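Report on the structure given below.
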Amino acid sequence: MPQSSTSSPRRGTSSPWFSLQQPLSRRRFWGVAIAVFAALLVLWWVATACGLVPKIFMPTPLAVIERLAAMVANGTLLSDIGVSLLRIALAFLASTMMAVAIGVLAGTYGIWRAVIEPLVDFVRYMPVVAFVPLTILWVGTDEFQKLLVIWIGTFFQQVLMIMDAARRVPQDYIGLGRTLGMSNLAIVRRIVLPGALPDIWDATRICLGWAWTWLVLAELVAANSGMGYRIVVSQRYFQTDTIIGYILVLGLLGLLTDQIMRLVERRLFRYRQGA
Amino acid sequence: MAELTIAGVDKSYGHGEQRKQVLEQIDLTLGDNEFVSLVGASGCGKSTLLTLVAGLQTFDGGDILVDGKPIDGPGLDRGVVFQSYTLLPWKSVRANVEFALLAAGNDSASARRIADEHLALVGLSQVANAWPNQLSGGMKQRVAIARALSYKPRILLMDEPFGALDAMTRHQMQLLLTRVWESHRLTVLFVTHDVEEAVYLSDRIVALGANPGHVKAIFDVDLPRPRDETIMESAAFTALKRHVLDTIREDMPALPAF
Ligand SMILES: Nc1ncnc2c1ncn2[C@@H]1O[C@H](COP(=O)(O)OP(=O)(O)O)[C@@H](O)[C@H]1O
Ligand SMILES: [Mg+2]
C-alpha cells in the first residue's frame with residue numbers, strides 16, 4: 001500500500017477549471033486576473049508594433065500612453081475629467097435622492113407602488129438614446145441637458161431597484177415597529193430605510209456604473225467640454241490614440257468609483273460580516 | 001399584570017370564493033399573571049389568534065379586551081416575541097433592546113440602564129456590544145425576550161419562540177423563561193406545537209381544533225411551582241401530556257398504515 005494509514009485528503013488532483021465551488025486563494029485569483037490583462041496588452045502591442053493593424057486605426061500602447069502624458073502635461077485631461085466628474089456627480093446625486101425617496105415610498109405603501117411601478121417599468125424600457133434629441137429640444141444644449149440625459153438613464157432603473165430593496169425588508173421587522181406603537185413615518189425612517197440600506201447601496205453602486213455610459217453619451221452628442229466631447233473632436237482629426245486613451249481612462253474611473261463604493265460598503269455594513 | 005379577554009372572535013382571510021374562515025367564536029380569558037399556552041395542529045389558527053391579540057390584524061367579529069378595554073391596534077401594553085427573532089441586524093444587541101425602550105418613550109440614559117438590566121436578566125451582558133449576526137439562535141431569542149420584557153408590557157405574547165432551536169437550547173430556554181416568569185409575573189399567551197413545553201410552562205393549556213379554528217378543550221395544569229426539570233418525569237406531568245396529545249391528535253390526518 002503506497003498510502004499511509006493517516007492519509008490526508010488528496011490535494012491538487014482536480015483541475016481548477018472544472019471544479020465547482022472550490023475556493024480559489026486570493027493570490028491565485030489576482031495572479032490569474034493580472035495575467036489576463038498582461039496577455040491582452042501584449043497582444044495589442046504585438047499586433048500594432050509589427051504592423052498587423054495599421055497604426056492609424058489602432059495605435060501602439062506606447063503611443064496611447066505618450067498621448068495621455070502629453071494631455072496631462074497641458075492640463076487637457078484633468079480639466080476634461082473635472083467637467084465630466086462634476087456632471088456625473090450632480091446628476092447622479094439628484095437621481096439617487098429622488099430614487100431613494102420615491103423608491104422607499106413605493107416599496108412600503110401598496111398604493112404608491114401601484115402608482116409608480118407600472119409607469120416606471122414602462123419608461124425604463126424606452127431607449128435612453130432616443131431621449132437625447134428630445135432633451136435638446138426641451139432644454140437646449142446647456143449644462144442642464146447633460147444632467148437630464150444622465151438622470152433619465154439612471155433614475156428609472158434606480159428607483160425600481162430601491163423599491164425592491166425596501167420591499168425585501170422582512171415584514172417581521174415592520175411588525176416589530178408596529179408592536180412598539182411606532183408611527184408609519186417612524187417605521188419607514190428607523191426600520192425600513194436602515195433595513196434596506198445595504199441593498200440600496202448596492203443598487204446605487206450598479207447604477208453609478210451605468211451613469212458613466214450616459215455621461216459619455218450626453219457629451220458625445222452636444223457638448224463643448226468633457227471627456228465625451230474630447231472623443232468626438234479626436235474622431236475628426238483621426239486621433240485614435242486620444243480616443244483609446246480616453247476610453248481606458250473612463251474605464252479606470254468607473255472601476256475606481258466602484259471600488260470606492262465597495263470599500264465604503266464594507267465599512268458601513270460591518271454588521272453583516274457576523275458568524 | 002393584566003387580564004386578557006377574547007370574546008366571540010371570528011377571523012377569515014380572503015374575499016368571495018377564496019374566503020376562508022380561520023377562527024370561529026373564540027372565547028378565552030387569561031387571568032392576571034396567568035401563563036396560558038395555545039396548542040393545536042399546524043394551520044389551526046394559533047398564530048392568527050396571537051396576531052389578533054397583538055393588534056397586528058383586524059378581525060371580523062367579537063372583542064379583544066385588556067383589563068376590560070377593547071384593544072385599538074398594537075400597543076406597548078402587549079409585548080410580542082415571534083419565532084423569527086426579529087432583531088434588527090444593523091443594531092448591536094444592546095441597541096436592539098434600547099430601540100424598544102426609546103420607542104416606548106424612555107430617554108437615552110434610562111434606556112441604556114434598563115437595557116443592561118434586562119440583558120443581565122437573560123444572561124447576555126457579555127455580548128451587549130455584539131451584532132445579532134454573531135449570536136446563536138438561542139441567544140438571539142434571549143435578546144428578543146429581554147427586549148419584549150424591557151418596556152414592561154402587561155401581557156407577553158409569544159409565537160413558537162423556541163420552535164427554531166435545537167432540543168438542548170430549547171430546554172435551556174424553557175428553564176430560563178420559567179425562571180423569569182416566576183420572578184417577574186405577567187400575563188403570558190404562549191403558542192407552541194410542543195405539548196411537553198406547554199405542560200412544563202403553563203397554568204392552563206388551550207387546545208385549538210381546526211377548520212375553522214375553535215377552542216376544543218382547556219386543561220388546567222395542577223403542577224406545583226416553582227417548577228424545575230425533575231417535574232417532567234412525574235406521573236402527573238406525563239399523564240397530562242398524554243391527555244393533551246390525544247386531544248390534538250384527533251385533528252391530525254391519520255398516517256397511512258404500513
Ligand atoms: N395572511 C394570510 N392570508 C391568508 N390565509 C392565511 C394568512 N395567514 C394564515 N392563513 C391561513 O390561516 C390558517 C391558520 O394559520 P396560522 O394561524 O398560521 O396557523 P398555525 O399558527 O396554527 O399553524 C391556515 O390555513 C393559513 O393558511
Ligand atoms: Mg404558527
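Just remember, in the C-alpha cells the first chain shown is A, the second B, etc., residues are 1-based per chain, and ligands are 1-based in the order shown.
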> Do you know which residues are at most 12 Å from Val22 of chain B counting only C-alpha atoms, after dropping those on the same chain fewer than 4 positions away, and could you put them as a list in words?
Replying inline: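 Counting only the stated atoms, we get Val9, Asp10, Lys11, Ser12, Tyr13, Gly14, Ile26, Gly43, Cys44, Gly45, Lys46, Ser47, Thr48, Leu49, Leu52, Phe59, Asp60, Leu208, Gly209, Ala210, Asn211, Pro212, Gly213 and His214 of chain B.
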Would you mind exporting N, CA and C atoms of the selected residues as a PDB file, in the first residue's frame?
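Final output, saved to part-v7.pdb:
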ATOM      1  N   VAL B   9     -64.499  35.836  19.095  1.00  0.00           N
ATOM      2  CA  VAL B   9     -63.738  36.379  17.972  1.00  0.00           C
ATOM      3  C   VAL B   9     -63.827  35.475  16.739  1.00  0.00           C
ATOM      4  N   ASP B  10     -64.149  36.107  15.616  1.00  0.00           N
ATOM      5  CA  ASP B  10     -64.157  35.439  14.309  1.00  0.00           C
ATOM      6  C   ASP B  10     -63.094  36.074  13.436  1.00  0.00           C
ATOM      7  N   LYS B  11     -62.463  35.241  12.596  1.00  0.00           N
ATOM      8  CA  LYS B  11     -61.482  35.794  11.672  1.00  0.00           C
ATOM      9  C   LYS B  11     -61.499  34.974  10.394  1.00  0.00           C
ATOM     10  N   SER B  12     -61.529  35.660   9.264  1.00  0.00           N
ATOM     11  CA  SER B  12     -61.414  34.937   7.994  1.00  0.00           C
ATOM     12  C   SER B  12     -60.422  35.676   7.109  1.00  0.00           C
ATOM     13  N   TYR B  13     -59.866  34.950   6.176  1.00  0.00           N
ATOM     14  CA  TYR B  13     -58.959  35.544   5.196  1.00  0.00           C
ATOM     15  C   TYR B  13     -59.595  35.467   3.826  1.00  0.00           C
ATOM     16  N   GLY B  14     -59.244  36.386   2.958  1.00  0.00           N
ATOM     17  CA  GLY B  14     -59.675  36.322   1.566  1.00  0.00           C
ATOM     18  C   GLY B  14     -61.076  36.872   1.360  1.00  0.00           C
ATOM     19  N   ILE B  26     -64.024  32.367  19.120  1.00  0.00           N
ATOM     20  CA  ILE B  26     -63.022  32.071  20.146  1.00  0.00           C
ATOM     21  C   ILE B  26     -63.370  32.808  21.427  1.00  0.00           C
ATOM     22  N   GLY B  43     -51.620  24.931  11.335  1.00  0.00           N
ATOM     23  CA  GLY B  43     -52.629  25.516  10.459  1.00  0.00           C
ATOM     24  C   GLY B  43     -53.980  25.719  11.104  1.00  0.00           C
ATOM     25  N   CYS B  44     -54.091  25.445  12.414  1.00  0.00           N
ATOM     26  CA  CYS B  44     -55.402  25.567  13.057  1.00  0.00           C
ATOM     27  C   CYS B  44     -55.702  27.000  13.479  1.00  0.00           C
ATOM     28  N   GLY B  45     -54.734  27.878  13.347  1.00  0.00           N
ATOM     29  CA  GLY B  45     -55.034  29.287  13.622  1.00  0.00           C
ATOM     30  C   GLY B  45     -54.388  29.865  14.868  1.00  0.00           C
ATOM     31  N   LYS B  46     -53.402  29.173  15.433  1.00  0.00           N
ATOM     32  CA  LYS B  46     -52.744  29.660  16.646  1.00  0.00           C
ATOM     33  C   LYS B  46     -52.078  31.018  16.411  1.00  0.00           C
ATOM     34  N   SER B  47     -51.273  31.066  15.354  1.00  0.00           N
ATOM     35  CA  SER B  47     -50.553  32.316  15.071  1.00  0.00           C
ATOM     36  C   SER B  47     -51.531  33.438  14.760  1.00  0.00           C
ATOM     37  N   THR B  48     -52.579  33.090  14.039  1.00  0.00           N
ATOM     38  CA  THR B  48     -53.569  34.109  13.692  1.00  0.00           C
ATOM     39  C   THR B  48     -54.169  34.721  14.948  1.00  0.00           C
ATOM     40  N   LEU B  49     -54.525  33.864  15.895  1.00  0.00           N
ATOM     41  CA  LEU B  49     -55.133  34.371  17.125  1.00  0.00           C
ATOM     42  C   LEU B  49     -54.162  35.298  17.859  1.00  0.00           C
ATOM     43  N   LEU B  52     -53.942  38.638  16.226  1.00  0.00           N
ATOM     44  CA  LEU B  52     -55.117  39.458  16.522  1.00  0.00           C
ATOM     45  C   LEU B  52     -54.968  40.123  17.883  1.00  0.00           C
ATOM     46  N   PHE B  59     -60.069  41.818  12.938  1.00  0.00           N
ATOM     47  CA  PHE B  59     -60.863  40.596  12.924  1.00  0.00           C
ATOM     48  C   PHE B  59     -62.302  40.932  12.571  1.00  0.00           C
ATOM     49  N   ASP B  60     -63.073  39.879  12.239  1.00  0.00           N
ATOM     50  CA  ASP B  60     -64.396  40.128  11.680  1.00  0.00           C
ATOM     51  C   ASP B  60     -65.449  40.411  12.747  1.00  0.00           C
ATOM     52  N   LEU B 208     -56.603  24.052  20.471  1.00  0.00           N
ATOM     53  CA  LEU B 208     -57.459  24.544  19.385  1.00  0.00           C
ATOM     54  C   LEU B 208     -57.731  23.405  18.405  1.00  0.00           C
ATOM     55  N   GLY B 209     -58.971  23.335  17.953  1.00  0.00           N
ATOM     56  CA  GLY B 209     -59.304  22.407  16.875  1.00  0.00           C
ATOM     57  C   GLY B 209     -59.246  23.165  15.557  1.00  0.00           C
ATOM     58  N   ALA B 210     -59.225  22.416  14.460  1.00  0.00           N
ATOM     59  CA  ALA B 210     -59.003  23.065  13.164  1.00  0.00           C
ATOM     60  C   ALA B 210     -60.278  23.178  12.331  1.00  0.00           C
ATOM     61  N   ASN B 211     -60.182  24.017  11.291  1.00  0.00           N
ATOM     62  CA  ASN B 211     -61.179  24.126  10.214  1.00  0.00           C
ATOM     63  C   ASN B 211     -62.612  24.346  10.642  1.00  0.00           C
ATOM     64  N   PRO B 212     -63.005  25.477  10.998  1.00  0.00           N
ATOM     65  CA  PRO B 212     -62.148  26.598  11.368  1.00  0.00           C
ATOM     66  C   PRO B 212     -61.649  26.448  12.797  1.00  0.00           C
ATOM     67  N   GLY B 213     -60.636  27.222  13.150  1.00  0.00           N
ATOM     68  CA  GLY B 213     -60.052  27.141  14.482  1.00  0.00           C
ATOM     69  C   GLY B 213     -61.076  27.441  15.571  1.00  0.00           C
ATOM     70  N   HIS B 214     -61.130  26.573  16.558  1.00  0.00           N
ATOM     71  CA  HIS B 214     -62.061  26.779  17.670  1.00  0.00           C
ATOM     72  C   HIS B 214     -61.444  26.217  18.934  1.00  0.00           C
TER      73      HIS B 214
END
>> Need to verify the contact set: Ile116 of chain A, 9 Å, only C-alpha atoms, exclusion of same-chain residues closer than 6 positions in sequence. Can you return it as a list of chain:residue names?
In response: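 Answer for this query is A:Ile102, A:Gly103, A:Ala106, A:Leu160.
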Same residues, N, CA and C atoms, output as a PDB file, in the first residue's frame:
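Wrote out.pdb, looks like this:
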ATOM      1  N   ILE A 102     -38.621  58.166  -3.486  1.00  0.00           N
ATOM      2  CA  ILE A 102     -39.773  57.575  -4.172  1.00  0.00           C
ATOM      3  C   ILE A 102     -39.747  56.052  -4.074  1.00  0.00           C
ATOM      4  N   GLY A 103     -38.569  55.468  -4.180  1.00  0.00           N
ATOM      5  CA  GLY A 103     -38.458  54.011  -4.132  1.00  0.00           C
ATOM      6  C   GLY A 103     -38.885  53.452  -2.783  1.00  0.00           C
ATOM      7  N   ALA A 106     -42.637  53.733  -2.489  1.00  0.00           N
ATOM      8  CA  ALA A 106     -43.336  52.748  -3.312  1.00  0.00           C
ATOM      9  C   ALA A 106     -43.128  51.338  -2.779  1.00  0.00           C
ATOM     10  N   LEU A 160     -36.596  51.567  -9.304  1.00  0.00           N
ATOM     11  CA  LEU A 160     -37.161  50.221  -9.217  1.00  0.00           C
ATOM     12  C   LEU A 160     -36.317  49.323  -8.308  1.00  0.00           C
TER      13      LEU A 160
END
> Near Leu119 of chain A, within 12 Å and counting only C-alpha atoms, which residues show up once chain neighbours fewer than 5 positions away are dropped, as a ChimeraX atom specification?
Replying inline: /A:106,112-114,124-126,156-157,159-160
>> Would you pick out the contacts of Phe144 of chain A at 12 Å or less, using only C-alpha atoms, so that residues sharing its chain but fewer than 2 positions from it are not included, and give the list as a ChimeraX atom specification?
In response: /A:86-88,90-91,135-136,138-142,146-151,218-219,222-223
How would the residues just picked look written out with N, CA and C atoms as a JSON list (two decimals), in the first residue's frame?
[["chain", "number", "residue", "atom", "x", "y", "z"],
["A", 86, "LEU", "N", -18.00, 66.44, -12.47],
["A", 86, "LEU", "CA", -18.99, 67.34, -11.89],
["A", 86, "LEU", "C", -20.38, 66.99, -12.43],
["A", 87, "ARG", "N", -20.44, 66.76, -13.74],
["A", 87, "ARG", "CA", -21.75, 66.42, -14.34],
["A", 87, "ARG", "C", -22.31, 65.14, -13.76],
["A", 88, "ILE", "N", -21.48, 64.10, -13.72],
["A", 88, "ILE", "CA", -21.99, 62.82, -13.25],
["A", 88, "ILE", "C", -22.37, 62.92, -11.77],
["A", 90, "LEU", "N", -23.42, 65.61, -10.04],
["A", 90, "LEU", "CA", -24.67, 66.35, -9.84],
["A", 90, "LEU", "C", -25.88, 65.53, -10.26],
["A", 91, "ALA", "N", -25.81, 64.99, -11.47],
["A", 91, "ALA", "CA", -26.96, 64.25, -11.99],
["A", 91, "ALA", "C", -27.22, 63.01, -11.15],
["A", 135, "THR", "N", -34.35, 65.95, -25.34],
["A", 135, "THR", "CA", -33.80, 66.81, -24.28],
["A", 135, "THR", "C", -33.22, 68.09, -24.88],
["A", 136, "ILE", "N", -32.65, 67.97, -26.07],
["A", 136, "ILE", "CA", -32.09, 69.17, -26.70],
["A", 136, "ILE", "C", -33.20, 70.13, -27.09],
["A", 138, "TRP", "N", -36.10, 70.30, -25.67],
["A", 138, "TRP", "CA", -36.74, 70.80, -24.46],
["A", 138, "TRP", "C", -35.93, 71.89, -23.77],
["A", 139, "VAL", "N", -34.66, 71.57, -23.53],
["A", 139, "VAL", "CA", -33.90, 72.48, -22.65],
["A", 139, "VAL", "C", -32.66, 73.05, -23.34],
["A", 140, "GLY", "N", -32.49, 72.79, -24.64],
["A", 140, "GLY", "CA", -31.32, 73.33, -25.32],
["A", 140, "GLY", "C", -30.09, 72.49, -25.07],
["A", 141, "THR", "N", -28.94, 73.06, -25.30],
["A", 141, "THR", "CA", -27.71, 72.26, -25.17],
["A", 141, "THR", "C", -26.86, 72.75, -24.02],
["A", 142, "ASP", "N", -27.47, 73.42, -23.08],
["A", 142, "ASP", "CA", -26.63, 73.90, -21.97],
["A", 142, "ASP", "C", -26.37, 72.77, -20.98],
["A", 146, "LYS", "N", -27.17, 67.93, -20.24],
["A", 146, "LYS", "CA", -26.29, 66.78, -19.95],
["A", 146, "LYS", "C", -26.79, 66.06, -18.68],
["A", 147, "LEU", "N", -27.13, 66.87, -17.68],
["A", 147, "LEU", "CA", -27.61, 66.28, -16.43],
["A", 147, "LEU", "C", -28.91, 65.51, -16.67],
["A", 148, "LEU", "N", -29.75, 66.08, -17.52],
["A", 148, "LEU", "CA", -31.03, 65.44, -17.79],
["A", 148, "LEU", "C", -30.84, 64.07, -18.44],
["A", 149, "VAL", "N", -29.92, 63.99, -19.40],
["A", 149, "VAL", "CA", -29.68, 62.70, -20.07],
["A", 149, "VAL", "C", -29.20, 61.66, -19.04],
["A", 150, "ILE", "N", -28.26, 62.06, -18.21],
["A", 150, "ILE", "CA", -27.76, 61.11, -17.19],
["A", 150, "ILE", "C", -28.89, 60.71, -16.24],
["A", 151, "TRP", "N", -29.68, 61.70, -15.88],
["A", 151, "TRP", "CA", -30.77, 61.43, -14.95],
["A", 151, "TRP", "C", -31.78, 60.45, -15.55],
["A", 218, "ALA", "N", -24.16, 61.81, -23.40],
["A", 218, "ALA", "CA", -24.58, 63.21, -23.38],
["A", 218, "ALA", "C", -23.47, 64.10, -23.95],
["A", 219, "GLU", "N", -22.24, 63.77, -23.67],
["A", 219, "GLU", "CA", -21.13, 64.61, -24.12],
["A", 219, "GLU", "C", -20.75, 64.36, -25.57],
["A", 222, "ALA", "N", -23.89, 66.70, -27.82],
["A", 222, "ALA", "CA", -23.97, 68.16, -27.90],
["A", 222, "ALA", "C", -23.24, 68.79, -26.74],
["A", 223, "ALA", "N", -21.91, 68.77, -26.82],
["A", 223, "ALA", "CA", -21.16, 69.39, -25.72],
["A", 223, "ALA", "C", -19.96, 70.11, -26.29]]
> Do you know which residues are at most 6 Å from Gln83 of chain B counting only C-alpha atoms, after dropping those on the same chain fewer than 4 positions away, and could you put them as a list in words?
Replying inline: Asp159, Glu160 and Pro161 of chain B
Output for the residues just chosen: C-alpha atoms as a tab-separated table (two decimals), in the first residue's frame:
chain	number	residue	atom	x	y	z
B	159	ASP	CA	-45.45	32.63	18.94
B	160	GLU	CA	-43.41	29.42	18.99
B	161	PRO	CA	-40.45	31.39	20.32
> For ligand 1, which of B:Gly73, B:Tyr151, B:Leu88, B:Val191 is the closest residue, counting only C-alpha atoms and all ligand atoms?
Replying inline: B:Val191
> In Å, how far is it from atom CA of Pro194 of chain A to atom CA of Asn106 of chain B?
Replying inline: 21.6 Å
Just list as a CSV table (one decimal) with all heavy atoms, in the first residue's frame whatever in segment 123-161 of chain B DSSP marks as strand (DSSP E or B).
chain,number,residue,atom,x,y,z
B,155,ILE,N,-48.9,42.3,29.1
B,155,ILE,CA,-49.2,40.9,28.5
B,155,ILE,C,-48.0,40.6,27.6
B,155,ILE,O,-47.6,41.4,26.8
B,155,ILE,CB,-50.5,40.9,27.8
B,155,ILE,CG1,-51.7,41.3,28.8
B,155,ILE,CG2,-50.8,39.6,27.1
B,155,ILE,CD1,-53.0,41.4,28.1
B,156,LEU,N,-47.6,39.4,27.7
B,156,LEU,CA,-46.5,38.9,26.8
B,156,LEU,C,-47.1,37.9,25.8
B,156,LEU,O,-47.7,36.9,26.3
B,156,LEU,CB,-45.3,38.3,27.6
B,156,LEU,CG,-44.1,38.0,26.8
B,156,LEU,CD1,-43.5,39.2,26.1
B,156,LEU,CD2,-43.1,37.3,27.7
B,157,LEU,N,-46.9,38.1,24.5
B,157,LEU,CA,-47.4,37.2,23.5
B,157,LEU,C,-46.2,36.5,22.8
B,157,LEU,O,-45.3,37.2,22.3
B,157,LEU,CB,-48.3,38.0,22.5
B,157,LEU,CG,-49.3,38.9,23.1
B,157,LEU,CD1,-49.9,39.8,22.0
B,157,LEU,CD2,-50.5,38.0,23.7
B,158,MET,N,-46.2,35.2,22.8
B,158,MET,CA,-45.1,34.5,22.2
B,158,MET,C,-45.6,33.5,21.2
B,158,MET,O,-46.4,32.6,21.5
B,158,MET,CB,-44.2,33.9,23.3
B,158,MET,CG,-43.8,34.9,24.4
B,158,MET,SD,-42.9,34.0,25.7
B,158,MET,CE,-41.2,34.3,25.1
B,159,ASP,N,-45.0,33.6,20.0
B,159,ASP,CA,-45.4,32.6,18.9
B,159,ASP,C,-44.3,31.7,18.6
B,159,ASP,O,-43.4,32.0,18.0
B,159,ASP,CB,-45.9,33.4,17.7
B,159,ASP,CG,-46.5,32.4,16.6
B,159,ASP,OD1,-46.6,31.2,16.9
B,159,ASP,OD2,-46.9,32.9,15.6
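Closest to chain A among B:Gly123, B:Gly79, B:Pro256, B:Gly163 is B:Gly79, based on only C-alpha atoms.
Across the structure, atom CA of Ile56 of chain A and atom CA of Gly245 of chain A are spaced 14.1 Å apart.
All chain B residues having an atom within 8 Å of chain A, based on only C-alpha atoms, amount to Ala54, Gly55, Leu56, Pro74, Gly75, Leu76, Arg78, Gly79, Val80, Ser84, Thr86, Leu87, Leu88, Pro89, Trp90, Lys91, Ala100, Ala103, Ala104, Trp131, Pro132, Asn133, Gln134 and Leu135 of chain B.
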>> Using only C-alpha atoms for the distances, tell me which of B:Val143, B:Leu189, B:Val195, B:Val66 is nearest to Glu98 of chain B.
In response: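 Smallest separation from Glu98 of chain B among the options: B:Val143.
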>> I'd like the neighbourhood of segment 47-51 of chain A as an MDAnalysis selection string, where a residue qualifies if any of its atoms comes within 9 Å (using only C-alpha atoms), though same-chain residues fewer than 6 positions away should be ignored.
In response: chainID A and resid 58:61
Write the residues you've just listed into a file as a PDB file, in the first residue's frame, and include N, CA, C and O atoms for each of them.
ATOM      1  N   MET A  58      -5.292  51.715 -35.038  1.00  0.00           N
ATOM      2  CA  MET A  58      -5.012  51.213 -33.694  1.00  0.00           C
ATOM      3  C   MET A  58      -3.578  51.579 -33.340  1.00  0.00           C
ATOM      4  O   MET A  58      -2.634  50.947 -33.811  1.00  0.00           O
ATOM      5  N   PRO A  59      -3.403  52.588 -32.499  1.00  0.00           N
ATOM      6  CA  PRO A  59      -2.054  52.990 -32.114  1.00  0.00           C
ATOM      7  C   PRO A  59      -1.429  51.970 -31.164  1.00  0.00           C
ATOM      8  O   PRO A  59      -2.139  51.161 -30.569  1.00  0.00           O
ATOM      9  N   THR A  60      -0.133  52.033 -31.021  1.00  0.00           N
ATOM     10  CA  THR A  60       0.529  51.127 -30.070  1.00  0.00           C
ATOM     11  C   THR A  60       0.229  51.583 -28.638  1.00  0.00           C
ATOM     12  O   THR A  60      -0.107  52.750 -28.412  1.00  0.00           O
ATOM     13  N   PRO A  61       0.360  50.677 -27.685  1.00  0.00           N
ATOM     14  CA  PRO A  61       0.138  51.061 -26.290  1.00  0.00           C
ATOM     15  C   PRO A  61       1.002  52.252 -25.897  1.00  0.00           C
ATOM     16  O   PRO A  61       0.545  53.158 -25.199  1.00  0.00           O
TER      17      PRO A  61
END
> segment 63-78 of chain A: which residues within 12 Å, counting only C-alpha atoms, same-chain residues fewer than 2 positions away excluded, as a ChimeraX atom specification?
Replying inline: /A:44-45,48-49,55-56,58-61,80-85,225-231,234,239-250
>> With DSSP run on the backbone, what are the helix (DSSP H, G or I) residues within segment 88-197 of chain B? I'd like them as a PyMOL selection string.
In response: chain B and resi 93-103+108-121+125-127+132-134+137-150+167-184+195-197
